[in-house]
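Structure data follow from model-v9.cif (mmCIF, C-alpha atoms):
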data_coords
loop_
_atom_site.label_atom_id
_atom_site.label_comp_id
_atom_site.auth_asym_id
_atom_site.auth_seq_id
_atom_site.Cartn_x
_atom_site.Cartn_y
_atom_site.Cartn_z
CA MET A 1 1.29 -8.74 23.96
CA ALA A 2 1.01 -6.49 27.00
CA ALA A 3 4.08 -4.52 25.92
CA MET A 4 2.51 -3.83 22.51
CA ILE A 5 -0.84 -2.83 24.03
CA TYR A 6 0.90 -0.28 26.24
CA ALA A 7 3.14 0.94 23.42
CA ALA A 8 0.01 1.54 21.32
CA LYS A 9 -1.31 3.94 23.96
CA ALA A 10 1.36 6.52 23.03
CA SER A 11 -0.05 9.34 20.90
CA ASP A 12 2.71 8.97 18.30
CA CYS A 13 2.48 5.16 18.00
CA PRO A 14 1.74 4.24 14.35
CA PHE A 15 -0.17 1.05 15.14
CA GLU A 16 -3.35 0.16 16.99
CA ILE A 17 -4.10 -3.19 18.61
CA VAL A 18 -7.61 -3.96 17.33
CA VAL A 19 -8.01 -7.53 18.57
CA VAL A 20 -6.20 -10.14 20.67
CA ILE A 21 -6.89 -13.74 19.66
CA ALA A 22 -5.84 -16.84 21.59
CA ASN A 23 -6.25 -20.54 20.88
CA ASP A 24 -6.47 -21.14 24.64
CA PRO A 25 -9.71 -19.76 26.15
CA HIS A 26 -7.97 -19.55 29.54
CA ALA A 27 -4.96 -17.53 28.34
CA ALA A 28 -4.19 -14.82 30.90
CA GLY A 29 -3.57 -12.31 28.14
CA LEU A 30 -7.23 -12.29 27.18
CA LYS A 31 -8.24 -10.92 30.57
CA LEU A 32 -5.51 -8.27 30.48
CA ALA A 33 -6.41 -7.16 26.94
CA ALA A 34 -10.09 -6.91 27.82
CA ALA A 35 -9.26 -4.80 30.88
CA GLU A 36 -7.35 -2.42 28.60
CA GLY A 37 -10.34 -2.06 26.29
CA VAL A 38 -9.03 -4.28 23.48
CA ALA A 39 -11.41 -6.70 21.75
CA THR A 40 -10.63 -10.35 22.46
CA VAL A 41 -11.50 -13.64 20.79
CA ALA A 42 -10.97 -17.08 22.35
CA LEU A 43 -10.80 -19.93 19.83
CA ASP A 44 -10.39 -23.43 21.22
CA HIS A 45 -8.44 -25.46 18.68
CA ARG A 46 -9.06 -28.81 20.36
CA GLY A 47 -10.88 -31.27 18.13
CA MET A 48 -10.34 -29.16 15.01
CA LYS A 49 -8.14 -29.83 11.99
CA ARG A 50 -5.35 -27.30 11.63
CA ALA A 51 -6.60 -25.95 8.30
CA ASP A 52 -10.14 -25.54 9.65
CA PHE A 53 -8.94 -23.76 12.76
CA ASP A 54 -6.70 -21.43 10.74
CA ALA A 55 -9.60 -20.64 8.41
CA LEU A 56 -11.62 -19.58 11.46
CA LEU A 57 -8.66 -17.54 12.72
CA HIS A 58 -8.44 -15.79 9.34
CA GLU A 59 -12.15 -14.96 9.47
CA GLU A 60 -11.77 -13.33 12.88
CA LEU A 61 -8.77 -11.27 11.75
CA THR A 62 -10.62 -10.16 8.64
CA ALA A 63 -13.73 -9.27 10.61
CA ALA A 64 -11.60 -7.08 12.88
CA ARG A 65 -10.17 -5.37 9.75
CA CYS A 66 -6.62 -6.26 10.73
CA GLU A 67 -3.86 -5.15 8.40
CA TYR A 68 -1.02 -6.94 10.19
CA VAL A 69 -0.62 -9.89 12.55
CA ALA A 70 1.94 -9.90 15.38
CA LEU A 71 2.41 -13.29 17.01
CA ALA A 72 3.12 -12.99 20.73
CA GLY A 73 3.64 -16.23 22.57
CA TYR A 74 1.53 -18.06 20.00
CA MET A 75 3.05 -21.55 20.14
CA ARG A 76 0.74 -23.29 17.67
CA LEU A 77 2.16 -23.97 14.20
CA LEU A 78 0.29 -22.19 11.42
CA SER A 79 -0.76 -23.88 8.20
CA ASP A 80 0.94 -22.92 4.94
CA GLY A 81 -2.38 -21.65 3.60
CA PHE A 82 -2.83 -19.24 6.48
CA VAL A 83 0.75 -18.00 6.22
CA ALA A 84 0.25 -17.41 2.49
CA LYS A 85 -2.85 -15.28 3.13
CA TRP A 86 -0.84 -13.02 5.46
CA ALA A 87 2.43 -13.13 3.54
CA GLY A 88 4.48 -10.02 4.22
CA ARG A 89 2.02 -8.85 6.88
CA MET A 90 2.74 -11.22 9.78
CA ILE A 91 5.71 -11.03 12.13
CA ASN A 92 6.96 -12.97 15.14
CA ILE A 93 9.63 -12.65 17.82
CA HIS A 94 12.13 -15.41 18.53
CA PRO A 95 14.50 -15.71 21.55
CA SER A 96 17.77 -16.06 19.67
CA LEU A 97 19.91 -14.15 17.24
CA LEU A 98 18.58 -15.71 14.07
CA PRO A 99 19.60 -17.55 11.99
CA LYS A 100 21.14 -19.25 15.05
CA TYR A 101 19.02 -21.59 17.14
CA LYS A 102 15.73 -21.81 15.33
CA GLY A 103 12.97 -23.69 17.12
CA LEU A 104 12.89 -24.50 20.84
CA ASP A 105 15.36 -24.56 23.77
CA THR A 106 17.24 -21.57 22.40
CA HIS A 107 18.64 -20.34 25.73
CA LEU A 108 20.05 -23.71 26.75
CA ARG A 109 21.53 -24.28 23.30
CA ALA A 110 23.29 -20.90 23.38
CA ILE A 111 24.77 -21.58 26.83
CA GLU A 112 25.88 -25.10 25.95
CA ALA A 113 27.52 -23.77 22.78
CA GLY A 114 29.64 -21.40 24.88
CA ASP A 115 28.24 -18.28 23.24
CA ARG A 116 29.07 -14.96 24.86
CA VAL A 117 25.90 -13.30 23.65
CA SER A 118 22.38 -14.37 22.85
CA GLY A 119 19.36 -12.18 22.24
CA CYS A 120 16.12 -11.94 20.33
CA SER A 121 15.00 -11.36 16.75
CA VAL A 122 11.82 -10.07 15.13
CA HIS A 123 11.22 -11.66 11.75
CA VAL A 124 8.64 -11.95 9.00
CA VAL A 125 6.68 -15.19 9.26
CA THR A 126 7.10 -17.62 6.38
CA ALA A 127 6.14 -21.23 5.81
CA GLU A 128 9.63 -22.30 6.94
CA LEU A 129 10.03 -22.06 10.72
CA ASP A 130 11.92 -18.95 11.92
CA ALA A 131 13.33 -18.39 8.43
CA GLY A 132 11.73 -15.10 7.31
CA GLU A 133 13.44 -11.75 6.85
CA VAL A 134 14.95 -10.51 10.11
CA LEU A 135 13.61 -7.04 10.85
CA GLY A 136 15.43 -6.28 14.10
CA GLN A 137 17.62 -7.83 16.77
CA THR A 138 18.86 -7.06 20.29
CA GLU A 139 21.95 -8.72 21.75
CA VAL A 140 21.92 -9.85 25.39
CA ALA A 141 25.14 -10.83 27.16
CA ILE A 142 25.40 -14.34 28.58
CA LEU A 143 26.81 -14.18 32.11
CA PRO A 144 29.22 -16.86 33.44
CA ASP A 145 26.67 -18.15 35.96
CA ASP A 146 23.64 -17.96 33.68
CA THR A 147 21.09 -20.73 33.55
CA GLU A 148 18.58 -21.05 30.75
CA HIS A 149 16.00 -19.49 33.08
CA SER A 150 18.06 -16.46 34.16
CA LEU A 151 19.07 -15.82 30.55
CA ALA A 152 15.44 -16.14 29.43
CA ASP A 153 14.37 -13.54 32.00
CA ARG A 154 16.81 -10.93 30.65
CA ILE A 155 16.05 -11.70 27.02
CA LEU A 156 12.35 -11.24 27.78
CA ILE A 157 13.09 -7.64 28.84
CA ALA A 158 14.82 -7.08 25.49
CA GLU A 159 11.90 -8.71 23.65
CA HIS A 160 9.39 -6.33 25.21
CA GLN A 161 11.36 -3.33 23.94
CA LEU A 162 12.39 -4.70 20.56
CA TYR A 163 9.02 -6.02 19.43
CA SER A 164 7.01 -2.82 19.79
CA ARG A 165 9.75 -0.71 18.19
CA THR A 166 10.18 -3.11 15.27
CA LEU A 167 6.43 -3.41 14.74
CA ALA A 168 6.21 0.39 14.52
CA ASP A 169 8.97 0.43 11.90
CA PHE A 170 7.37 -2.44 10.01
CA VAL A 171 3.92 -0.89 9.63
CA THR A 172 5.40 2.45 8.51
CA ARG A 173 8.08 1.22 6.16
CA GLY A 174 5.84 2.05 3.22
CA THR A 175 5.81 5.74 4.20
CA ARG A 176 9.07 6.35 6.11
CA PRO A 177 11.31 8.63 4.01
CA HIS A 178 14.54 6.72 4.66
CA ALA A 179 12.98 3.38 3.69
CA LEU A 180 11.43 4.90 0.57
CA LEU A 181 14.72 6.53 -0.43
CA ASP A 182 16.51 3.19 -0.07
CA LYS A 183 13.97 1.58 -2.42
CA VAL A 184 14.21 4.38 -4.98
CA ARG A 185 18.01 4.31 -4.73
CA ASP A 186 18.12 0.56 -5.45
CA LEU A 187 15.95 0.99 -8.54
CA ALA A 188 17.77 4.05 -9.85
CA LEU A 189 21.29 2.72 -9.33
CA ALA A 190 20.34 -0.51 -11.09
CA LEU A 191 20.14 1.46 -14.35
CA PRO A 192 23.33 1.74 -16.46
CA GLU A 193 26.02 4.22 -15.36
CA VAL A 194 23.94 6.02 -12.73
CA GLU A 195 25.39 8.06 -9.90
CA GLU A 196 23.80 9.82 -6.94
CA LYS A 197 24.42 13.39 -5.85
CA THR A 198 22.58 15.93 -3.73
CA SER A 199 21.08 18.62 -5.93
CA HIS A 200 18.62 21.38 -5.06
CA GLY A 201 18.73 20.02 -1.50
CA SER A 202 17.48 16.57 -2.50
CA PRO A 203 19.11 13.24 -3.38
CA GLY A 204 19.37 13.22 -7.16
CA PHE A 205 20.28 10.56 -9.71
CA PHE A 206 22.08 11.28 -12.96
CA VAL A 207 23.65 9.38 -15.82
CA THR A 208 27.42 9.59 -16.14
CA GLY A 209 28.05 12.05 -18.92
CA GLY A 210 24.39 13.00 -18.95
CA LYS A 211 21.83 14.86 -16.89
CA PHE A 212 19.76 14.33 -13.76
CA PHE A 213 16.77 12.10 -14.42
CA ALA A 214 15.25 11.71 -10.93
CA TYR A 215 15.09 13.37 -7.54
CA PHE A 216 13.85 12.06 -4.21
CA SER A 217 11.86 14.85 -2.59
CA PHE A 218 11.12 14.94 1.14
CA ASN A 219 9.14 17.95 2.34
CA HIS A 220 10.95 20.01 -0.28
CA HIS A 221 9.88 23.64 -0.36
CA HIS A 222 7.96 22.72 2.85
CA ASP A 223 5.21 21.04 0.83
CA GLY A 224 4.88 18.14 3.30
CA ILE A 225 5.19 15.61 0.47
CA THR A 226 7.52 12.64 0.05
CA GLY A 227 7.77 11.94 -3.64
CA LEU A 228 9.80 10.94 -6.66
CA LEU A 229 10.40 13.53 -9.39
CA VAL A 230 10.95 12.20 -12.91
CA LYS A 231 10.74 13.57 -16.43
CA ALA A 232 7.41 13.33 -18.23
CA SER A 233 7.22 13.79 -21.99
CA GLY A 234 6.15 17.37 -21.42
CA VAL A 235 3.65 19.62 -19.67
CA GLU A 236 0.79 18.04 -21.63
CA GLU A 237 1.45 14.57 -20.19
CA GLN A 238 2.07 16.12 -16.80
CA ALA A 239 -1.34 17.83 -16.83
CA MET A 240 -3.09 14.68 -18.07
CA LEU A 241 -1.59 12.52 -15.32
CA ILE A 242 -2.52 14.97 -12.58
CA GLU A 243 -6.06 15.25 -13.91
CA GLN A 244 -6.47 11.48 -14.07
CA ASN A 245 -4.98 10.70 -10.66
CA PRO A 246 -4.45 13.82 -8.50
CA GLU A 247 -3.82 11.72 -5.40
CA LEU A 248 -0.76 10.08 -6.96
CA TYR A 249 0.69 12.72 -9.30
CA TYR A 250 1.50 16.35 -8.63
CA ARG A 251 3.24 19.31 -10.29
CA PRO A 252 6.54 19.80 -8.44
CA ALA A 253 7.80 23.25 -7.56
CA TYR A 254 10.71 24.59 -9.63
CA LEU A 255 10.88 21.60 -12.02
CA GLY A 256 7.16 21.54 -12.81
CA PRO A 257 7.24 24.17 -15.58
CA SER A 258 9.82 22.02 -17.40
CA GLY A 259 7.43 19.09 -17.60
CA TRP A 260 8.70 17.04 -14.67
CA ILE A 261 6.08 15.04 -12.78
CA GLY A 262 5.94 14.26 -9.07
CA ILE A 263 4.86 10.79 -7.90
CA ARG A 264 3.73 10.63 -4.28
CA LEU A 265 5.43 7.98 -2.16
CA ASP A 266 3.74 8.86 1.14
CA ILE A 267 0.29 7.47 0.44
CA GLY A 268 0.82 3.84 1.45
CA GLU A 269 0.88 1.03 -1.10
CA HIS A 270 3.16 1.53 -4.11
CA ASP A 271 3.41 -0.07 -7.52
CA TRP A 272 7.18 -0.37 -7.55
CA THR A 273 7.11 -1.95 -11.01
CA ASP A 274 5.46 1.21 -12.32
CA ILE A 275 7.93 3.41 -10.44
CA ALA A 276 10.83 1.43 -11.90
CA GLU A 277 9.37 2.01 -15.37
CA TRP A 278 9.10 5.75 -14.69
CA LEU A 279 12.76 5.79 -13.67
CA ARG A 280 13.71 3.89 -16.84
CA LYS A 281 11.78 6.26 -19.11
CA SER A 282 13.25 9.30 -17.39
CA TRP A 283 16.72 7.77 -17.63
CA LEU A 284 16.24 7.32 -21.39
CA LYS A 285 15.40 11.04 -21.72
CA SER A 286 18.63 11.99 -19.93
CA ALA A 287 21.21 9.42 -21.01
CA PRO A 288 23.70 10.13 -23.82
CA LYS A 289 23.07 8.46 -27.17
CA ARG A 290 25.94 5.99 -26.72
CA LEU A 291 23.96 4.42 -23.87
CA THR A 292 20.46 4.65 -25.32
CA LYS A 293 21.67 2.98 -28.52
CA LEU A 294 22.89 0.02 -26.47
CA ILE A 295 19.51 -0.18 -24.76
CA ASP A 296 17.72 -0.12 -28.14
CA ILE A 297 19.97 -2.89 -29.48
CA ALA A 298 19.37 -5.00 -26.37
CA ALA A 299 15.60 -4.49 -26.70
CA GLU A 300 15.65 -5.89 -30.23
CA PHE A 301 16.98 -9.18 -28.91
#
Would you mind giving the structure from this file in C-alpha cells?
Amino acid sequence: MAAMIYAAKASDCPFEIVVVIANDPHAAGLKLAAAEGVATVALDHRGMKRADFDALLHEELTAARCEYVALAGYMRLLSDGFVAKWAGRMINIHPSLLPKYKGLDTHLRAIEAGDRVSGCSVHVVTAELDAGEVLGQTEVAILPDDTEHSLADRILIAEHQLYSRTLADFVTRGTRPHALLDKVRDLALALPEVEEKTSHGSPGFFVTGGKFFAYFSFNHHHDGITGLLVKASGVEEQAMLIEQNPELYYRPAYLGPSGWIGIRLDIGEHDWTDIAEWLRKSWLKSAPKRLTKLIDIAAEF
C-alpha cells in the first residue's frame, strides 16, 4: 500500500490513490495513509456476515468514486457478489509465480519443492482463489541457505516494485498504443486471408489478393490521436458519423477525402464488438469477390 501511495506521487503516474480501506481499525497502514493525505476508512468486520460487510465495502468504494481496486495485504476472502461487481477492475499481488503455489505458505512450499526461483505475481481477482489473468511477474532467486522468512523478505522488495508498475499498466491498457494495436491486430487477423504490413508509416491490414482495409494510426501526421482507420461507404456516411459523434469519429488526413473514417481508440472505454463490425465491413469492401461470395454463402446458412 505504501509503495503505491508513493508511486502515485510521481507527476507521470497514471493512477491516484483516492481511499485506503481496512477491515482492521488498528491496521498500521491507515495511519500512514492519513499522514500522506489519503482518505481512510476503517470497517470492522467482526460480527457481520460476509455479504453484508462486502456490501458496505462496495458502498465506500463507490462513494469514493473508485474505478479500480488494488488489494494490498487484504487477507479476508471476498464474496462472489462483491468480486462480480468489480470484475475486471480488481487486482491482487501473490507471493509466488502463479499458477504455482496458490493460497498460503508459498515461500516454504517453494523451498521444500527444491525450486531454484520463486517470485511474485499480480493478477486479476476472480471468484476462484489466485486464478485470474496474470498481469505481471518478477522472479526471485532462492538461495541455498534461504528460509521462508529470508525468501519472503526479498520477494517483498520485488512486490513493492512490481505492483505499482503493473497497476499503472493495468489502468492505462485501454489507451496505451501497443495494447490497442494488439487488440486491433487480433480482430483484423481473425478475418479470412488477412495480412499485416506497414503502409504510410502505420500498421496496415490487407486481404491477400485485395487491398488495405484498415490502418492503426498513432499520432500520425502529428495529430496526437490513436485511432483505427476503416472504409466508410463514402464521404456522406463519413460526414454523418462525425456530426453525430465527433468525440468518437474523425476525418483522417490523406485518406479522409476517399471516404475513410477514423475511430478514436484513445478515449477510454471501447465497444470492441462495434470495432470488430467496422473491420468486417471494411474487409468486405476490400476483399476479392471469391472471398466475399464465400462469406455471403456462409451467411445464408
So what does the PyMOL selection byres ((chain A and resi 269) around 12) actually pick up in this one, as a list in words?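 Selected by the PyMOL selection byres ((chain A and resi 269) around 12) here: Val171, Thr172, Arg173, Gly174, Thr175, Leu180, Leu248, Arg264, Leu265, Asp266, Ile267, Gly268, His270, Asp271, Trp272 and Ile275 of chain A.
Residues within 8 Å of Tyr250 of chain A, counting all atoms listed in the file and excluding same-chain residues fewer than 2 positions away, are Ile242, Pro246, Glu247, Leu248, Pro252, Ile261, Gly262, Ile263 and Arg264 of chain A.
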Between atom CA of His160 of chain A and atom CA of Thr62 of chain A, what is the spacing in Å? 26.3 Å
One-decimal distance in Å that lies between atom CA of Ala64 of chain A and atom CA of Gly88 of chain A: 18.5 Å
Between atom CA of Tyr249 of chain A and atom CA of Gly201 of chain A, what is the spacing in Å?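 Answer for the atom CA of Gly201 of chain A to atom CA of Tyr249 of chain A separation: 21.0 Å.
Excluding segment 78-84 of chain A itself and any same-chain residue fewer than 6 positions from it, the protein and nucleic acid residues within 7 Å of it, counting all atoms listed in the file, are Arg50, Ala51, Asp54, Thr126 and Ala127 of chain A.
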Can you work out which one of A:Trp278, A:Phe213, A:Phe53, A:Tyr163 has the shortest atom-to-atom distance to Gly73 of chain A, counting only C-alpha atoms?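 With only C-alpha atoms as the atom set, the closest residue is A:Tyr163.
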Which residues, written as a list in words, have at least one atom at most 8 Å from Asn23 of chain A, with only C-alpha atoms counted and residues fewer than 5 positions away on the same chain left out?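 In the requested form, the answer reads Ala42, Leu43, Asp44 and His45 of chain A.
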If we count only C-alpha atoms and set the cut-off at 10 Å, which residues sit around Leu189 of chain A, ignoring sequence neighbours fewer than 6 positions away in its own chain? Please answer as number ranges by chain. A: 195-196, 205-207
Just C-alpha atoms for this one: save the residues we selected as a PDB file, in the frame of the given file.
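New file again18.pdb:
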ATOM      1  CA  GLU A 195      25.390   8.060  -9.900  1.00  0.00           C
ATOM      2  CA  GLU A 196      23.800   9.820  -6.940  1.00  0.00           C
ATOM      3  CA  PHE A 205      20.280  10.560  -9.710  1.00  0.00           C
ATOM      4  CA  PHE A 206      22.080  11.280 -12.960  1.00  0.00           C
ATOM      5  CA  VAL A 207      23.650   9.380 -15.820  1.00  0.00           C
TER       6      VAL A 207
END
Output of the PyMOL selection byres ((chain A and resi 144) around 12), listed as a list in words: Ile111, Glu112, Gly114, Asp115, Arg116, Val117, Ala141, Ile142, Leu143, Asp145, Asp146, Thr147, Glu148, Ser150 and Leu151 of chain A
